[in-house]
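run37.cif (mmCIF, C-alpha atoms)
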data_data
#
loop_
_atom_site.group_PDB
_atom_site.id
_atom_site.type_symbol
_atom_site.label_atom_id
_atom_site.label_comp_id
_atom_site.auth_asym_id
_atom_site.auth_seq_id
_atom_site.Cartn_x
_atom_site.Cartn_y
_atom_site.Cartn_z
ATOM 1 C CA MET N 7 0.373 17.545 4.205
ATOM 2 C CA PRO N 8 -1.224 17.540 7.685
ATOM 3 C CA TYR N 9 -1.368 14.223 9.528
ATOM 4 C CA SER N 10 -5.175 14.339 9.695
ATOM 5 C CA THR N 11 -5.372 14.691 5.894
ATOM 6 C CA GLY N 12 -3.079 11.692 5.479
ATOM 7 C CA VAL N 13 -5.328 9.603 7.720
ATOM 8 C CA LYS N 14 -8.394 10.575 5.676
ATOM 9 C CA LEU N 15 -6.670 9.651 2.410
ATOM 10 C CA VAL N 16 -5.557 6.242 3.695
ATOM 11 C CA LEU N 17 -9.004 5.499 5.105
ATOM 12 C CA LEU N 18 -10.607 6.473 1.801
ATOM 13 C CA ALA N 19 -8.185 4.154 -0.020
ATOM 14 C CA ALA N 20 -9.108 1.290 2.316
ATOM 15 C CA LEU N 21 -12.799 2.049 1.752
ATOM 16 C CA LEU N 22 -12.361 1.860 -2.024
ATOM 17 C CA TRP N 23 -10.364 -1.376 -1.841
ATOM 18 C CA SER N 24 -13.026 -2.949 0.363
ATOM 19 C CA LEU N 25 -15.456 -2.769 -2.594
ATOM 20 C CA ASN N 26 -13.478 -5.251 -4.714
ATOM 21 C CA GLY N 27 -15.259 -8.329 -3.406
ATOM 22 C CA LEU N 28 -18.714 -6.838 -3.922
ATOM 23 C CA LEU N 29 -17.872 -5.716 -7.466
ATOM 24 C CA ILE N 30 -16.492 -9.117 -8.425
ATOM 25 C CA ARG N 31 -19.755 -10.620 -7.163
ATOM 26 C CA GLN N 32 -21.535 -8.517 -9.831
ATOM 27 C CA ILE N 33 -19.663 -10.216 -12.677
ATOM 28 C CA ASP N 34 -21.814 -12.827 -14.413
ATOM 29 C CA GLN N 35 -19.724 -14.786 -16.899
ATOM 30 C CA ALA N 36 -16.122 -13.570 -17.003
ATOM 31 C CA GLY N 37 -13.598 -15.896 -15.395
ATOM 32 C CA THR N 38 -10.523 -15.033 -13.376
ATOM 33 C CA TRP N 39 -8.216 -14.371 -16.334
ATOM 34 C CA ALA N 40 -10.640 -12.157 -18.249
ATOM 35 C CA VAL N 41 -11.346 -10.108 -15.133
ATOM 36 C CA LEU N 42 -7.608 -9.835 -14.470
ATOM 37 C CA PHE N 43 -6.976 -8.566 -18.012
ATOM 38 C CA TRP N 44 -9.686 -5.919 -18.064
ATOM 39 C CA ARG N 45 -9.157 -4.798 -14.471
ATOM 40 C CA SER N 46 -5.467 -4.267 -15.191
ATOM 41 C CA ALA N 47 -6.386 -2.420 -18.395
ATOM 42 C CA GLY N 48 -8.481 -0.024 -16.330
ATOM 43 C CA MET N 49 -5.805 0.419 -13.661
ATOM 44 C CA ILE N 50 -2.753 1.197 -15.796
ATOM 45 C CA PRO N 51 -3.844 4.484 -17.476
ATOM 46 C CA VAL N 52 -4.876 6.020 -14.154
ATOM 47 C CA LEU N 53 -1.559 5.121 -12.523
ATOM 48 C CA LEU N 54 0.384 6.499 -15.492
ATOM 49 C CA VAL N 55 -1.466 9.803 -15.153
ATOM 50 C CA VAL N 56 -0.627 9.894 -11.420
ATOM 51 C CA ILE N 57 3.048 9.143 -12.103
ATOM 52 C CA TRP N 58 3.198 11.826 -14.790
ATOM 53 C CA GLY N 59 1.477 14.339 -12.516
ATOM 54 C CA ARG N 60 4.019 13.770 -9.748
ATOM 55 C CA SER N 61 7.217 13.710 -11.792
ATOM 56 C CA GLY N 62 6.360 15.100 -15.225
ATOM 57 C CA GLN N 63 7.689 11.830 -16.662
ATOM 58 C CA VAL N 64 6.357 8.356 -17.411
ATOM 59 C CA VAL N 65 9.052 6.257 -19.075
ATOM 60 C CA ALA N 66 11.926 7.223 -16.744
ATOM 61 C CA PRO N 67 10.139 6.189 -13.506
ATOM 62 C CA LEU N 68 9.281 2.825 -15.087
ATOM 63 C CA ARG N 69 12.890 2.274 -16.137
ATOM 64 C CA ARG N 70 14.234 3.172 -12.688
ATOM 65 C CA VAL N 71 12.528 0.239 -10.984
ATOM 66 C CA GLY N 72 14.820 -2.170 -12.835
ATOM 67 C CA TRP N 73 14.733 -5.905 -12.213
ATOM 68 C CA SER N 74 13.300 -5.486 -8.738
ATOM 69 C CA GLY N 75 10.243 -3.886 -10.318
ATOM 70 C CA VAL N 76 9.907 -6.773 -12.768
ATOM 71 C CA VAL N 77 10.173 -9.344 -9.963
ATOM 72 C CA GLY N 78 7.678 -7.371 -7.915
ATOM 73 C CA GLY N 79 5.387 -7.154 -10.953
ATOM 74 C CA LEU N 80 5.468 -10.933 -11.310
ATOM 75 C CA GLY N 81 4.447 -11.165 -7.659
ATOM 76 C CA LEU N 82 1.479 -8.921 -8.422
ATOM 77 C CA VAL N 83 0.334 -11.258 -11.210
ATOM 78 C CA LEU N 84 -0.013 -13.977 -8.569
ATOM 79 C CA ALA N 85 -1.489 -11.526 -6.071
ATOM 80 C CA PHE N 86 -4.124 -10.048 -8.379
ATOM 81 C CA GLY N 87 -5.049 -13.333 -10.068
ATOM 82 C CA GLY N 88 -5.223 -15.224 -6.784
ATOM 83 C CA ALA N 89 -7.395 -12.538 -5.218
ATOM 84 C CA ILE N 90 -9.904 -12.563 -8.073
ATOM 85 C CA PHE N 91 -10.195 -16.354 -8.012
ATOM 86 C CA ALA N 92 -10.506 -16.349 -4.222
ATOM 87 C CA PHE N 93 -13.378 -13.858 -4.351
ATOM 88 C CA GLN N 94 -15.088 -16.070 -6.920
ATOM 89 C CA ALA N 95 -14.462 -19.383 -5.130
ATOM 90 C CA THR N 96 -14.992 -18.608 -1.450
ATOM 91 C CA THR N 97 -16.711 -16.039 0.735
ATOM 92 C CA VAL N 98 -15.442 -12.476 0.677
ATOM 93 C CA ALA N 99 -14.850 -12.664 4.438
ATOM 94 C CA ASN N 100 -12.698 -15.769 4.064
ATOM 95 C CA ALA N 101 -10.689 -14.223 1.244
ATOM 96 C CA VAL N 102 -9.927 -10.864 2.849
ATOM 97 C CA PHE N 103 -9.013 -12.372 6.207
ATOM 98 C CA LEU N 104 -6.480 -14.670 4.544
ATOM 99 C CA PHE N 105 -5.102 -11.759 2.498
ATOM 100 C CA SER N 106 -4.119 -10.258 5.861
ATOM 101 C CA ALA N 107 -1.417 -12.903 6.205
ATOM 102 C CA SER N 108 0.678 -10.991 3.670
ATOM 103 C CA PRO N 109 2.766 -8.957 6.198
ATOM 104 C CA PHE N 110 3.756 -12.134 8.026
ATOM 105 C CA LEU N 111 4.706 -13.915 4.810
ATOM 106 C CA ALA N 112 6.757 -10.823 3.903
ATOM 107 C CA ALA N 113 8.506 -10.990 7.276
ATOM 108 C CA LEU N 114 9.390 -14.652 6.718
ATOM 109 C CA MET N 115 10.586 -13.994 3.167
ATOM 110 C CA GLY N 116 12.625 -11.006 4.326
ATOM 111 C CA TRP N 117 14.271 -13.197 6.970
ATOM 112 C CA LEU N 118 15.016 -15.995 4.500
ATOM 113 C CA ILE N 119 15.976 -13.983 1.405
ATOM 114 C CA LEU N 120 17.202 -10.577 2.603
ATOM 115 C CA ARG N 121 18.507 -11.750 5.990
ATOM 116 C CA GLU N 122 16.348 -9.170 7.739
ATOM 117 C CA THR N 123 15.943 -9.450 11.493
ATOM 118 C CA VAL N 124 12.507 -10.466 12.717
ATOM 119 C CA ARG N 125 11.479 -9.090 16.105
ATOM 120 C CA PRO N 126 10.437 -11.593 18.819
ATOM 121 C CA ALA N 127 7.014 -9.913 18.899
ATOM 122 C CA THR N 128 6.646 -10.530 15.160
ATOM 123 C CA TRP N 129 7.513 -14.221 15.603
ATOM 124 C CA ALA N 130 4.775 -14.410 18.236
ATOM 125 C CA ALA N 131 2.346 -12.646 15.888
ATOM 126 C CA ILE N 132 3.262 -15.062 13.073
ATOM 127 C CA ALA N 133 2.472 -18.012 15.338
ATOM 128 C CA LEU N 134 -0.864 -16.442 16.308
ATOM 129 C CA ALA N 135 -1.665 -15.694 12.663
ATOM 130 C CA GLY N 136 -0.828 -19.286 11.759
ATOM 131 C CA LEU N 137 -3.384 -20.484 14.282
ATOM 132 C CA GLY N 138 -6.032 -18.217 12.793
ATOM 133 C CA MET N 139 -5.242 -19.366 9.253
ATOM 134 C CA PHE N 140 -5.407 -23.013 10.334
ATOM 135 C CA VAL N 141 -8.891 -22.501 11.731
ATOM 136 C CA MET N 142 -10.049 -20.804 8.530
ATOM 137 C CA VAL N 143 -8.452 -23.266 6.097
ATOM 138 C CA ARG N 144 -9.813 -26.243 8.061
ATOM 139 C CA GLU N 145 -13.265 -24.667 7.927
ATOM 140 C CA GLY N 146 -12.876 -24.110 4.191
ATOM 141 C CA LEU N 147 -11.937 -27.765 3.661
ATOM 142 C CA ALA N 148 -15.094 -28.852 5.459
ATOM 143 C CA ALA N 149 -17.193 -26.414 3.393
ATOM 144 C CA GLY N 150 -15.645 -27.417 0.050
ATOM 145 C CA ALA N 151 -13.952 -24.043 -0.407
ATOM 146 C CA MET N 152 -10.335 -25.196 -0.185
ATOM 147 C CA ALA N 153 -9.477 -23.932 -3.688
ATOM 148 C CA GLY N 154 -10.588 -20.426 -2.710
ATOM 149 C CA ASN N 155 -8.584 -20.562 0.511
ATOM 150 C CA VAL N 156 -5.447 -21.707 -1.311
ATOM 151 C CA ALA N 157 -5.902 -18.939 -3.894
ATOM 152 C CA ALA N 158 -6.245 -16.344 -1.117
ATOM 153 C CA LEU N 159 -3.030 -17.548 0.517
ATOM 154 C CA LEU N 160 -1.244 -17.515 -2.849
ATOM 155 C CA SER N 161 -2.481 -13.955 -3.319
ATOM 156 C CA ALA N 162 -1.038 -13.040 0.078
ATOM 157 C CA LEU N 163 2.228 -14.692 -0.986
ATOM 158 C CA GLY N 164 2.213 -12.639 -4.185
ATOM 159 C CA PHE N 165 1.790 -9.373 -2.266
ATOM 160 C CA ALA N 166 4.556 -10.446 0.111
ATOM 161 C CA SER N 167 6.822 -11.129 -2.884
ATOM 162 C CA PHE N 168 6.029 -7.662 -4.245
ATOM 163 C CA THR N 169 6.970 -6.101 -0.900
ATOM 164 C CA ILE N 170 10.251 -8.022 -0.693
ATOM 165 C CA ALA N 171 11.167 -7.134 -4.288
ATOM 166 C CA LEU N 172 10.720 -3.443 -3.538
ATOM 167 C CA ARG N 173 12.845 -3.744 -0.408
ATOM 168 C CA TRP N 174 15.506 -5.598 -2.374
ATOM 169 C CA GLY N 175 15.585 -2.830 -4.956
ATOM 170 C CA LYS N 176 15.320 -0.109 -2.287
ATOM 171 C CA LEU N 177 12.363 1.400 -4.145
ATOM 172 C CA SER N 178 10.365 3.950 -2.173
ATOM 173 C CA ASP N 179 7.709 4.505 -4.870
ATOM 174 C CA MET N 180 5.562 1.463 -5.577
ATOM 175 C CA LEU N 181 3.399 2.879 -8.390
ATOM 176 C CA PRO N 182 5.798 2.246 -11.330
ATOM 177 C CA ALA N 183 6.237 -1.362 -10.156
ATOM 178 C CA VAL N 184 2.449 -1.720 -9.927
ATOM 179 C CA VAL N 185 2.155 -0.514 -13.535
ATOM 180 C CA ILE N 186 4.644 -3.204 -14.567
ATOM 181 C CA GLY N 187 2.602 -5.711 -12.581
ATOM 182 C CA GLY N 188 -0.505 -4.614 -14.443
ATOM 183 C CA LEU N 189 1.188 -5.004 -17.825
ATOM 184 C CA LEU N 190 2.485 -8.463 -16.887
ATOM 185 C CA SER N 191 -0.996 -9.382 -15.617
ATOM 186 C CA MET N 192 -2.538 -8.439 -18.957
ATOM 187 C CA LEU N 193 0.105 -10.460 -20.810
ATOM 188 C CA ALA N 194 -0.308 -13.503 -18.563
ATOM 189 C CA ALA N 195 -4.103 -13.355 -18.778
ATOM 190 C CA ALA N 196 -4.076 -13.094 -22.575
ATOM 191 C CA MET N 197 -1.639 -16.019 -22.873
ATOM 192 C CA VAL N 198 -3.644 -18.270 -20.537
ATOM 193 C CA LEU N 199 -6.918 -17.477 -22.280
ATOM 194 C CA ALA N 200 -5.341 -18.142 -25.685
ATOM 195 C CA ALA N 201 -3.946 -21.461 -24.440
ATOM 196 C CA GLN N 202 -7.395 -22.398 -23.150
ATOM 197 C CA GLY N 203 -9.050 -21.357 -26.395
ATOM 198 C CA GLU N 204 -11.125 -18.721 -24.615
ATOM 199 C CA SER N 205 -11.793 -15.127 -25.619
ATOM 200 C CA LEU N 206 -11.080 -11.850 -23.859
ATOM 201 C CA TRP N 207 -14.375 -10.558 -25.227
ATOM 202 C CA VAL N 208 -16.682 -11.476 -22.377
ATOM 203 C CA PRO N 209 -20.056 -9.686 -21.963
ATOM 204 C CA GLY N 210 -19.773 -5.898 -22.081
ATOM 205 C CA ARG N 211 -21.198 -5.510 -18.581
ATOM 206 C CA ASP N 212 -18.451 -7.721 -17.152
ATOM 207 C CA ILE N 213 -15.794 -5.734 -19.026
ATOM 208 C CA ALA N 214 -17.236 -2.442 -17.748
ATOM 209 C CA ILE N 215 -17.259 -3.639 -14.142
ATOM 210 C CA SER N 216 -13.674 -4.916 -14.437
ATOM 211 C CA LEU N 217 -12.452 -1.649 -15.985
ATOM 212 C CA ALA N 218 -14.198 0.330 -13.245
ATOM 213 C CA MET N 219 -12.567 -1.811 -10.561
ATOM 214 C CA GLY N 220 -9.155 -1.155 -12.047
ATOM 215 C CA ALA N 221 -9.580 2.586 -12.530
ATOM 216 C CA ALA N 222 -11.853 3.750 -9.719
ATOM 217 C CA VAL N 223 -11.071 1.209 -6.997
ATOM 218 C CA LEU N 224 -7.548 -0.154 -7.381
ATOM 219 C CA ALA N 225 -5.682 2.714 -9.060
ATOM 220 C CA THR N 226 -7.447 5.571 -7.287
ATOM 221 C CA GLY N 227 -7.022 3.754 -3.975
ATOM 222 C CA MET N 228 -3.290 3.344 -4.590
ATOM 223 C CA ALA N 229 -2.881 7.021 -5.460
ATOM 224 C CA LEU N 230 -4.693 8.056 -2.268
ATOM 225 C CA TYR N 231 -2.760 5.560 -0.145
ATOM 226 C CA THR N 232 0.672 6.571 -1.417
ATOM 227 C CA ALA N 233 -0.136 10.246 -0.871
ATOM 228 C CA GLY N 234 -1.430 9.730 2.664
ATOM 229 C CA SER N 235 1.254 7.254 3.698
ATOM 230 C CA ARG N 236 3.952 9.903 3.509
ATOM 231 C CA VAL N 237 2.852 11.480 6.795
ATOM 232 C CA ILE N 238 1.720 8.364 8.705
ATOM 233 C CA PRO N 239 4.026 5.923 10.567
ATOM 234 C CA ALA N 240 4.138 2.379 9.187
ATOM 235 C CA ALA N 241 2.490 0.799 12.241
ATOM 236 C CA GLU N 242 -0.466 3.168 12.015
ATOM 237 C CA LEU N 243 -0.757 2.500 8.282
ATOM 238 C CA THR N 244 -1.135 -1.196 9.023
ATOM 239 C CA LEU N 245 -3.936 -0.529 11.492
ATOM 240 C CA LEU N 246 -5.732 1.922 9.207
ATOM 241 C CA SER N 247 -5.523 -0.504 6.303
ATOM 242 C CA MET N 248 -7.405 -3.088 8.386
ATOM 243 C CA VAL N 249 -10.526 -1.057 7.585
ATOM 244 C CA GLU N 250 -10.485 -2.732 4.144
ATOM 245 C CA VAL N 251 -10.663 -6.195 5.713
ATOM 246 C CA LEU N 252 -13.362 -5.205 8.176
ATOM 247 C CA LEU N 253 -15.626 -3.507 5.609
ATOM 248 C CA ALA N 254 -15.401 -5.979 2.713
ATOM 249 C CA PRO N 255 -17.649 -8.625 4.356
ATOM 250 C CA VAL N 256 -20.080 -5.887 5.428
ATOM 251 C CA TRP N 257 -20.752 -4.721 1.853
ATOM 252 C CA VAL N 258 -21.573 -8.211 0.537
ATOM 253 C CA PHE N 259 -23.756 -8.896 3.559
ATOM 254 C CA LEU N 260 -25.738 -5.668 3.111
ATOM 255 C CA ALA N 261 -26.024 -5.954 -0.678
ATOM 256 C CA LEU N 262 -26.241 -9.714 -1.215
ATOM 257 C CA GLY N 263 -26.948 -11.244 2.184
ATOM 258 C CA GLU N 264 -23.642 -13.164 1.982
ATOM 259 C CA THR N 265 -22.228 -14.263 5.305
ATOM 260 C CA ALA N 266 -19.557 -16.688 6.438
ATOM 261 C CA SER N 267 -19.220 -19.482 8.954
ATOM 262 C CA ALA N 268 -18.406 -19.099 12.615
ATOM 263 C CA GLY N 269 -15.034 -20.703 11.933
ATOM 264 C CA THR N 270 -14.201 -18.062 9.350
ATOM 265 C CA PHE N 271 -14.937 -15.213 11.737
ATOM 266 C CA THR N 272 -13.162 -16.944 14.641
ATOM 267 C CA GLY N 273 -10.018 -17.585 12.603
ATOM 268 C CA GLY N 274 -10.276 -14.133 11.035
ATOM 269 C CA ALA N 275 -10.511 -12.494 14.441
ATOM 270 C CA VAL N 276 -7.377 -14.331 15.585
ATOM 271 C CA LEU N 277 -5.550 -13.294 12.415
ATOM 272 C CA MET N 278 -6.590 -9.656 12.737
ATOM 273 C CA ALA N 279 -5.533 -9.676 16.392
ATOM 274 C CA ALA N 280 -2.103 -10.880 15.264
ATOM 275 C CA VAL N 281 -1.879 -8.050 12.706
ATOM 276 C CA ALA N 282 -2.889 -5.448 15.302
ATOM 277 C CA PHE N 283 -0.495 -6.857 17.911
ATOM 278 C CA ASN N 284 2.418 -6.790 15.470
ATOM 279 C CA ALA N 285 1.650 -3.213 14.422
ATOM 280 C CA LEU N 286 1.248 -1.928 17.959
ATOM 281 C CA SER N 287 4.361 -3.701 19.219
ATOM 282 C CA GLY N 288 6.436 -2.029 16.529
ATOM 283 C CA ALA N 289 4.816 1.404 16.760
ATOM 284 C CA ARG N 290 7.832 3.017 18.427
ATOM 285 C CA MET N 291 10.450 1.441 16.206
ATOM 286 C CA ARG N 292 11.914 2.833 13.006
ATOM 287 C CA ARG N 293 10.618 0.623 10.218
ATOM 288 C CA ALA N 294 10.395 0.672 6.447
ATOM 289 C CA PRO N 295 7.281 2.337 5.045
ATOM 290 C CA ALA N 296 4.282 0.047 4.770
ATOM 291 C CA LEU N 297 3.232 -0.766 1.246
ATOM 292 C CA GLY N 298 -0.444 -0.929 0.445
ATOM 293 C CA VAL N 299 -1.860 -2.449 -2.709
ATOM 294 C CA GLY N 300 -5.541 -3.202 -3.051
ATOM 295 C CA ARG N 301 -6.805 -6.633 -4.053
#

Written form, structure tokens:
Amino acid sequence: MPYSTGVKLVLLAALLWSLNGLLIRQIDQAGTWAVLFWRSAGMIPVLLVVIWGRSGQVVAPLRRVGWSGVVGGLGLVLAFGGAIFAFQATTVANAVFLFSASPFLAALMGWLILRETVRPATWAAIALAGLGMFVMVREGLAAGAMAGNVAALLSALGFASFTIALRWGKLSDMLPAVVIGGLLSMLAAAMVLAAQGESLWVPGRDIAISLAMGAAVLATGMALYTAGSRVIPAAELTLLSMVEVLLAPVWVFLALGETASAGTFTGGAVLMAAVAFNALSGARMRRAPALGVGR
């Protein structure tokens, strides 16, 4: 695949993922767990078709991920659920900026758990990102949106856990682990709703939107990203994926007039600068492939 085609595929994936916040804003009654269940139900069949198309198998790729895939799948339950709640409880801008902390949380977890070396430039970027997150979380506390901020950070932690699990298992293909994450998400959502005495059968419109998010946004985006990422260096993938974060607030502003506070954009700008600095500083180094999973 030519490099230019890879770039187009990754950008298209980021564009699709950037629509998640806007689509969740269209849901009227369904709560976090119902959306998580139906979105996962829409995502899984598409990913299974992609896996079968690439390998001619379905069960074997799922078995190969082993315990690392299960651990990574559990991380995705936190990541997906936290992201949905964050979109519902705070501004889309606030949520997506805080999601961007995931690479730094992964670096810290890799250092603590896998004993991976963290570059001095990455430590500096982590400190800068921490400053940006502090500004945003403080602003959220003042605006009464702390629950949404905490959920966004937990989502970032979940994605970081997924990344570390795949590194631990030395898995180069993330899609089977994402399928496991989707199955575990459906199970967790059904159990929580049953414990709360609530039903999965929310209004049909909400179910349709959730299924569409899973199939057309999340799963299709992942398929495009994994295809394009094979010919793009990890540092460039990080920068290209920032398009998702930059576009998500634009869609809700254009469609719904939703904006965010000055503190959110100030802290978000600092956080994005940290992400860009870390990517550019490592552009000439041999690094593990970047893993992209939409919210």

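Proximity to N:Ser108 was assessed for N:Leu80, N:Leu28, N:Ala135, N:Leu224 counting only C-alpha atoms; the smallest distance is recorded for N:Ala135.
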
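One finds atom CA of N:Leu104 at 7.5 Å from atom CA of N:Gly274.
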
TODO: Given the file shown, enumerate the residues that the PyMOL selection byres ((chain N and resi 251) around 9) captures and present them as a ChimeraX atom specification.
DONE: /N:20,23-24,99,102-103,105-106,247-250,252-255,278

- [ ] Return the single residue from N:Ala279, N:Leu190, N:Ala285, N:Leu181 that is closest to N:Leu245, with distances computed using all atoms listed in the file.
- [x] N:Ala285

Open item on the list: Would you pick out the contacts of N:Gly188 at 8 Å or less, using only C-alpha atoms, so that residues sharing its chain but fewer than 5 positions from it are not included, and give the list as an MDAnalysis selection string?
Closed with: chainID N and resid 46:47 49:50 79 82:83

Open item on the list: Which residue is closest to N:Ala158? Choose from N:Gly72, N:Gly263, N:Gly87, N:Gly81 and count only C-alpha atoms.
Closed with: N:Gly87

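Among N:Leu199, N:Ile186, N:Pro209, N:Leu172, the residue with the shortest atom-to-atom distance to N:Ser74, counting only C-alpha atoms, is N:Leu172.
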
Open item on the list: Neighbouring residues of N:Ala92 were defined as those with any atom within 7 Å, considering all atoms listed in the file; residues of the same chain fewer than 6 positions away were excluded. Please report them as an MDAnalysis selection string.
Closed with: chainID N and resid 101 154:155 157:158

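The list of residues with at least one atom within 10 Å of N:Leu286, based on only C-alpha atoms and without residues fewer than 6 positions apart in the same chain, reads Ala127, Ala241, Glu242, Thr244, Leu245 and Ala280 of chain N.
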
Open item on the list: Suppose a student applies the PyMOL selection byres ((chain N and resi 94) around 8) to this structure; what residues should they get, written as JSON, numbers by chain?
Closed with: {"N": [30, 31, 38, 90, 91, 92, 93, 95, 96, 97, 154]}

TODO: Using the chain letters and numbering of this document, enumerate as a list in words the residues selected by the PyMOL selection byres ((chain N and resi 112) around 9).
DONE: Ala107, Ser108, Pro109, Phe110, Leu111, Ala113, Leu114, Met115, Gly116, Trp117, Ala162, Leu163, Phe165, Ala166, Ser167, Phe168, Thr169 and Ile170 of chain N

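Take the candidates N:Ala266, N:Val208, N:Val223, N:Ala130 and check each one against N:Trp44 using only C-alpha atoms; the shortest distance goes to N:Val208.
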
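Counting from atom CA of N:Gly75, the distance to atom CA of N:Trp129 is 28.0 Å.
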
Task: Given all atoms listed in the file as the counted atoms, nearest of N:Gly273, N:Pro239, N:Gly78, N:Gly48 to N:Ala214 - done: N:Gly48

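Note that the spacing between atom CA of N:Ala196 and atom CA of N:Val55 amounts to 24.2 Å.
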
TODO: Write out as a PyMOL selection string which residues come within 10 Å of N:Leu29 when counting all atoms listed in the file, dropping same-chain ones fewer than 2 positions away.
DONE: chain N and resi 24-27+31-33+93+212+215-216+218-219+223+257-258

Task: Near-N:Val198 list (12 Å; all atoms listed in the file; drop same-chain fewer than 3 positions) as a PyMOL selection string - done: chain N and resi 37-40+42-43+87+191-195+201-206

Would you compute the box with edges along x, y and z of the file around stretch 265-283 of chain N, including every atom the file lists for it and 6 Å extra on each side, and give its centre and edge lengths in Å to one decimal, as JSON?
{"center_x": -11.4, "center_y": -13.1, "center_z": 11.6, "size_x": 33.7, "size_y": 27.3, "size_z": 24.6}
